[in-house]
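The next block is my_file_37.cif, given as mmCIF, C-alpha atoms.
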```
data_start
#
loop_
_atom_site.label_atom_id
_atom_site.label_comp_id
_atom_site.auth_asym_id
_atom_site.auth_seq_id
_atom_site.Cartn_x
_atom_site.Cartn_y
_atom_site.Cartn_z
CA GLU H 1093 138.38 84.13 96.91
CA MET H 1094 135.53 85.38 99.08
CA LYS H 1095 132.07 85.50 97.48
CA THR H 1096 129.40 87.88 98.69
CA LEU H 1097 125.79 88.55 97.84
CA PHE H 1098 126.48 92.28 97.75
CA TYR H 1099 127.77 94.40 94.93
CA ARG H 1100 128.28 97.90 96.32
CA PRO H 1101 131.11 99.62 94.46
CA PHE H 1102 130.10 103.11 95.63
CA GLN H 1103 130.35 102.04 99.26
CA THR H 1104 133.76 100.53 98.54
CA LEU H 1105 134.87 103.67 96.71
CA SER H 1106 133.76 105.85 99.63
CA PHE H 1107 135.78 103.68 102.03
CA LEU H 1108 138.76 103.96 99.72
CA LEU H 1109 138.46 107.76 99.76
CA ASP H 1110 138.10 107.69 103.54
CA TYR H 1111 141.22 105.58 103.84
CA HIS H 1112 143.09 108.02 101.63
CA LEU H 1113 142.02 110.92 103.87
CA TRP H 1114 141.94 109.37 107.33
CA ARG H 1115 143.96 106.15 107.08
CA LEU H 1116 142.69 103.97 109.94
CA ASN H 1117 141.32 106.78 112.12
CA PRO H 1118 137.66 105.84 112.73
CA ALA H 1119 136.70 109.44 113.59
CA GLY H 1120 137.18 110.41 109.93
CA TYR H 1121 134.92 107.59 108.74
CA HIS H 1122 132.25 108.68 111.21
CA LEU H 1123 132.62 112.28 110.08
CA THR H 1124 132.03 111.17 106.49
CA ASN H 1125 128.86 109.31 107.54
CA ILE H 1126 127.60 112.40 109.39
CA LEU H 1127 128.32 114.64 106.39
CA LEU H 1128 126.57 112.25 104.02
CA HIS H 1129 123.59 112.00 106.39
CA SER H 1130 123.45 115.80 106.50
CA LEU H 1131 123.32 115.88 102.69
CA VAL H 1132 120.41 113.45 102.82
CA GLY H 1133 118.70 115.86 105.23
CA VAL H 1134 119.19 118.69 102.71
CA CYS H 1135 117.63 116.49 100.04
CA VAL H 1136 114.65 115.78 102.32
CA PHE H 1137 114.25 119.54 102.85
CA LEU H 1138 114.35 120.16 99.09
CA LEU H 1139 111.96 117.30 98.32
CA VAL H 1140 109.35 118.26 100.90
CA GLY H 1141 109.65 121.92 99.91
CA MET H 1142 109.26 121.01 96.25
CA LEU H 1143 106.22 118.82 96.88
CA LEU H 1144 104.52 121.38 99.12
CA ARG H 1145 105.37 124.32 96.86
CA THR H 1146 103.34 122.82 94.04
CA ARG H 1147 100.39 122.40 96.38
CA SER H 1148 100.48 125.73 98.19
CA GLU H 1149 101.00 129.37 97.44
CA ALA H 1150 102.15 130.23 100.97
CA LYS H 1151 105.94 130.19 100.53
CA LYS H 1152 106.87 130.62 104.19
CA SER H 1153 104.51 127.84 105.22
CA HIS H 1154 106.04 125.21 102.96
CA GLU H 1155 109.59 126.19 103.95
CA LYS H 1156 108.71 125.78 107.61
CA TRP H 1157 107.22 122.33 107.04
CA ALA H 1158 110.14 121.28 104.86
CA PHE H 1159 112.59 122.37 107.55
CA LEU H 1160 110.67 120.47 110.25
CA ALA H 1161 110.52 117.34 108.09
CA ALA H 1162 114.25 117.49 107.39
CA LEU H 1163 115.04 118.11 111.05
CA LEU H 1164 112.88 115.17 112.11
CA PHE H 1165 114.59 113.00 109.52
CA LEU H 1166 118.06 114.05 110.67
CA VAL H 1167 117.53 113.37 114.37
CA HIS H 1168 115.22 110.35 114.14
CA PRO H 1169 116.63 107.37 116.06
CA ALA H 1170 115.83 104.99 113.17
CA HIS H 1171 118.91 106.34 111.39
CA THR H 1172 121.30 105.70 114.27
CA GLU H 1173 122.80 102.50 112.87
CA ALA H 1174 123.23 103.85 109.34
CA VAL H 1175 125.04 106.93 110.60
CA ALA H 1176 126.86 105.69 113.70
CA TYR H 1177 128.16 102.41 112.26
CA ILE H 1178 130.73 102.82 109.54
CA SER H 1179 129.36 99.72 107.81
CA GLY H 1180 125.97 101.47 107.53
CA ARG H 1181 127.41 103.74 104.85
CA ALA H 1182 125.58 101.82 102.11
CA ASP H 1183 122.21 102.92 103.51
CA VAL H 1184 123.23 106.56 103.66
CA LEU H 1185 124.69 106.52 100.14
CA ALA H 1186 121.67 104.73 98.66
CA GLY H 1187 119.32 107.17 100.40
CA LEU H 1188 121.29 110.15 99.14
CA PHE H 1189 121.38 108.96 95.53
CA CYS H 1190 117.71 107.85 95.59
CA LEU H 1191 116.63 111.28 96.79
CA LEU H 1192 118.84 113.04 94.24
CA SER H 1193 117.36 110.83 91.55
CA LEU H 1194 113.81 111.57 92.71
CA LEU H 1195 114.48 115.32 92.88
CA ALA H 1196 115.86 115.27 89.34
CA TYR H 1197 112.90 113.15 88.19
CA ILE H 1198 110.41 115.65 89.60
CA CYS H 1199 112.30 118.50 87.92
CA PHE H 1200 112.22 116.48 84.68
CA ARG H 1201 108.45 116.03 84.92
CA ASN H 1202 107.93 119.73 85.74
CA SER H 1203 110.30 121.16 83.12
CA VAL H 1204 108.98 122.75 79.97
CA SER H 1205 111.97 123.02 77.64
CA ILE H 1206 113.39 119.94 75.97
CA LYS H 1207 116.93 120.88 77.01
CA GLU H 1208 115.97 121.15 80.70
CA LYS H 1209 113.98 117.94 80.50
CA SER H 1210 116.93 116.02 79.04
CA ILE H 1211 119.35 117.36 81.67
CA TRP H 1212 117.06 116.49 84.59
CA TYR H 1213 116.16 113.11 83.10
CA THR H 1214 119.81 112.17 82.61
CA GLY H 1215 120.54 113.27 86.17
CA SER H 1216 117.71 111.12 87.47
CA ILE H 1217 118.94 108.06 85.60
CA LEU H 1218 122.52 108.58 86.83
CA GLY H 1219 121.30 109.08 90.40
CA PHE H 1220 119.28 105.86 90.18
CA LEU H 1221 122.31 103.96 88.90
CA CYS H 1222 124.50 105.36 91.69
CA ALA H 1223 121.85 104.39 94.26
CA ILE H 1224 121.76 100.80 93.00
CA LEU H 1225 125.55 100.63 93.04
CA SER H 1226 125.42 101.80 96.66
CA LYS H 1227 122.86 99.29 97.93
CA GLU H 1228 120.58 96.75 96.29
CA SER H 1229 117.42 97.98 98.03
CA ALA H 1230 117.53 101.06 95.79
CA LEU H 1231 116.12 98.87 93.03
CA ALA H 1232 112.71 99.70 94.49
CA GLY H 1233 113.27 103.35 93.55
CA ILE H 1234 111.35 102.95 90.31
CA ALA H 1235 108.21 102.31 92.37
CA ILE H 1236 108.65 105.79 93.86
CA PHE H 1237 108.77 107.37 90.39
CA ILE H 1238 105.63 105.51 89.32
CA SER H 1239 103.86 106.45 92.57
CA TYR H 1240 104.81 110.09 92.13
CA ASP H 1241 103.45 110.09 88.59
CA LEU H 1242 100.22 108.34 89.56
CA ILE H 1243 99.53 110.70 92.44
CA ASP H 1244 100.70 113.92 90.82
CA TYR H 1245 99.26 113.45 87.36
CA ARG H 1246 95.89 112.17 88.47
CA LYS H 1247 95.58 115.13 90.77
CA ILE H 1248 96.32 117.76 88.13
CA GLY H 1249 94.82 115.87 85.18
CA LYS H 1250 97.93 115.58 83.01
CA ARG H 1251 98.93 112.57 80.98
CA PHE H 1252 102.40 111.14 81.25
CA SER H 1253 104.44 108.83 79.11
CA LYS H 1254 105.25 105.48 80.61
CA THR H 1255 108.28 105.19 78.31
CA ALA H 1256 110.14 107.42 80.79
CA TYR H 1257 110.54 104.31 82.95
CA LEU H 1258 112.35 102.28 80.27
CA PRO H 1259 115.93 103.37 81.13
CA PHE H 1260 115.28 102.64 84.80
CA LEU H 1261 113.89 99.20 83.96
CA GLY H 1262 116.88 98.62 81.67
CA ILE H 1263 119.26 99.42 84.54
CA ILE H 1264 117.39 96.99 86.79
CA ILE H 1265 117.54 94.22 84.18
CA ILE H 1266 121.22 94.78 83.41
CA TYR H 1267 122.03 94.87 87.13
CA GLY H 1268 120.12 91.60 87.66
CA VAL H 1269 121.88 89.88 84.76
CA VAL H 1270 125.34 91.05 85.89
CA ARG H 1271 124.67 89.93 89.46
CA ALA H 1272 123.37 86.55 88.30
CA LEU H 1273 126.42 85.98 86.11
CA THR H 1274 128.97 87.12 88.69
CA HIS H 1275 127.54 85.35 91.73
#
```
Turn this file's structure into structure tokens for me.
Amino acid sequence: EMKTLFYRPFQTLSFLLDYHLWRLNPAGYHLTNILLHSLVGVCVFLLVGMLLRTRSEAKKSHEKWAFLAALLFLVHPAHTEAVAYISGRADVLAGLFCLLSLLAYICFRNSVSIKEKSIWYTGSILGFLCAILSKESALAGIAIFISYDLIDYRKIGKRFSKTAYLPFLGIIIIYGVVRALTH
């Protein structure tokens, strides 16, 4: 039995789906990486647009900057390995789920109705869990939520509840315990 330091079931599941679709044709695996990377680019566009929209009234201006940020992200050479190498899939998946989780978290913080808040909050928690199950480095995602709250809420003078972090911390603790027991 081969032991590994990694526990990445979402990466394994994506390879299983690729195998089902493409068998051993590497072009299909690369296509999947490119499509996933493109989805991350869409998330970058949405995130930058969302962050700028709250700061500016000029709609066209923030869309232009969001598009440029997403385009720069998509073509930046730093992402070459994650996209070009099939084994880099974990980075792309973790990035996608982290961004989806952050987008949902921001929507949760900005929602007014309890129903909307609970939907966005649940989505954020699920995205965070999927990110961790894609790559371990996603555990740092909670720092992004805290940073967002510190910057955003200080700027606009709102108070926020720190209990919103408890499910994320719970996921981190459970993940750590499971990894310690299975390694």
Residue members of the PyMOL selection byres ((chain H and resi 1225) around 6) in the file shown, as a PyMOL selection string: chain H and resi 1100-1102+1222-1224+1226-1227
Explicit residue set for the PyMOL selection byres ((chain H and resi 1122) around 8), as a PyMOL selection string: chain H and resi 1118-1121+1123-1126+1175-1178
File dump, residues just selected, C-alpha atoms, as a PDB file, in the frame of the given file:
```pdb
ATOM      1  CA  PRO H1118     137.660 105.840 112.730  1.00  0.00           C
ATOM      2  CA  ALA H1119     136.700 109.440 113.590  1.00  0.00           C
ATOM      3  CA  GLY H1120     137.180 110.410 109.930  1.00  0.00           C
ATOM      4  CA  TYR H1121     134.920 107.590 108.740  1.00  0.00           C
ATOM      5  CA  LEU H1123     132.620 112.280 110.080  1.00  0.00           C
ATOM      6  CA  THR H1124     132.030 111.170 106.490  1.00  0.00           C
ATOM      7  CA  ASN H1125     128.860 109.310 107.540  1.00  0.00           C
ATOM      8  CA  ILE H1126     127.600 112.400 109.390  1.00  0.00           C
ATOM      9  CA  VAL H1175     125.040 106.930 110.600  1.00  0.00           C
ATOM     10  CA  ALA H1176     126.860 105.690 113.700  1.00  0.00           C
ATOM     11  CA  TYR H1177     128.160 102.410 112.260  1.00  0.00           C
ATOM     12  CA  ILE H1178     130.730 102.820 109.540  1.00  0.00           C
TER      13      ILE H1178
END
```
Residue members of the PyMOL selection byres ((chain H and resi 1191) around 8) in the file shown, as JSON, numbers by chain: {"H": [1132, 1135, 1136, 1139, 1187, 1188, 1189, 1190, 1192, 1193, 1194, 1195]}
Next, write the just-selected residues to a file, as a short mmCIF file (atom, residue, chain, number, x, y, z; two decimals), in the coordinates of the input, keeping C-alpha atoms as the atom set.
```
data_model
loop_
_atom_site.label_atom_id
_atom_site.label_comp_id
_atom_site.auth_asym_id
_atom_site.auth_seq_id
_atom_site.Cartn_x
_atom_site.Cartn_y
_atom_site.Cartn_z
CA VAL H 1132 120.41 113.45 102.82
CA CYS H 1135 117.63 116.49 100.04
CA VAL H 1136 114.65 115.78 102.32
CA LEU H 1139 111.96 117.30 98.32
CA GLY H 1187 119.32 107.17 100.40
CA LEU H 1188 121.29 110.15 99.14
CA PHE H 1189 121.38 108.96 95.53
CA CYS H 1190 117.71 107.85 95.59
CA LEU H 1192 118.84 113.04 94.24
CA SER H 1193 117.36 110.83 91.55
CA LEU H 1194 113.81 111.57 92.71
CA LEU H 1195 114.48 115.32 92.88
#
```
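Atom pair CA of Leu1138 in chain H / CA of Ala1158 in chain H: separated by 7.2 Å.
If you look at CA of Ile1217 in chain H and CA of Ile1265 in chain H, they are 14.0 Å away from each other.
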For Tyr1197 in chain H, the nearest of the candidates H:Asp1183, H:Asp1241, H:Glu1173, H:Glu1155, counting all atoms listed in the file: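 Closest to Tyr1197 in chain H of all the choices is H:Asp1241.
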Interatomic distance, CA of Ile1243 in chain H to CA of Gly1268 in chain H (Å, one decimal):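 Separation of CA of Ile1243 in chain H and CA of Gly1268 in chain H: 28.5 Å.
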Close residues, Cys1199 in chain H itself excluded, 9 Å, all atoms listed in the file, min 5 positions apart in chain, as a PyMOL selection string: chain H and resi 1194+1208-1209+1212-1213
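Among the candidates H:Pro1169, H:Tyr1245, H:Ser1203, H:Val1140, the residue lying nearest to Lys1156 in chain H is H:Val1140 (atoms considered: all atoms listed in the file).
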Using the file's own x, y and z axes, what box holds all listed atoms of range 1175-1186 of chain H with 5 Å on each side, keeping edges along x, y and z, and what are its centre and edge lengths in Å to one decimal, as JSON?
```
{"center_x": 126.2, "center_y": 103.3, "center_z": 106.2, "size_x": 19.1, "size_y": 17.2, "size_z": 25.0}
```
Test item: residues at most 12 Å from Ala1256 in chain H, only C-alpha atoms, excluding those fewer than 4 positions along its chain, as a ChimeraX atom specification: /H:1197,1200-1201,1209-1210,1213-1214,1216-1217,1234,1237-1238,1241,1252,1260-1262
Among the residues H:Phe1107, H:Ile1211, H:Leu1097, H:Ile1263, the one that comes closest to Gly1180 in chain H [using only C-alpha atoms]: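 Nearest to Gly1180 in chain H: H:Phe1107.
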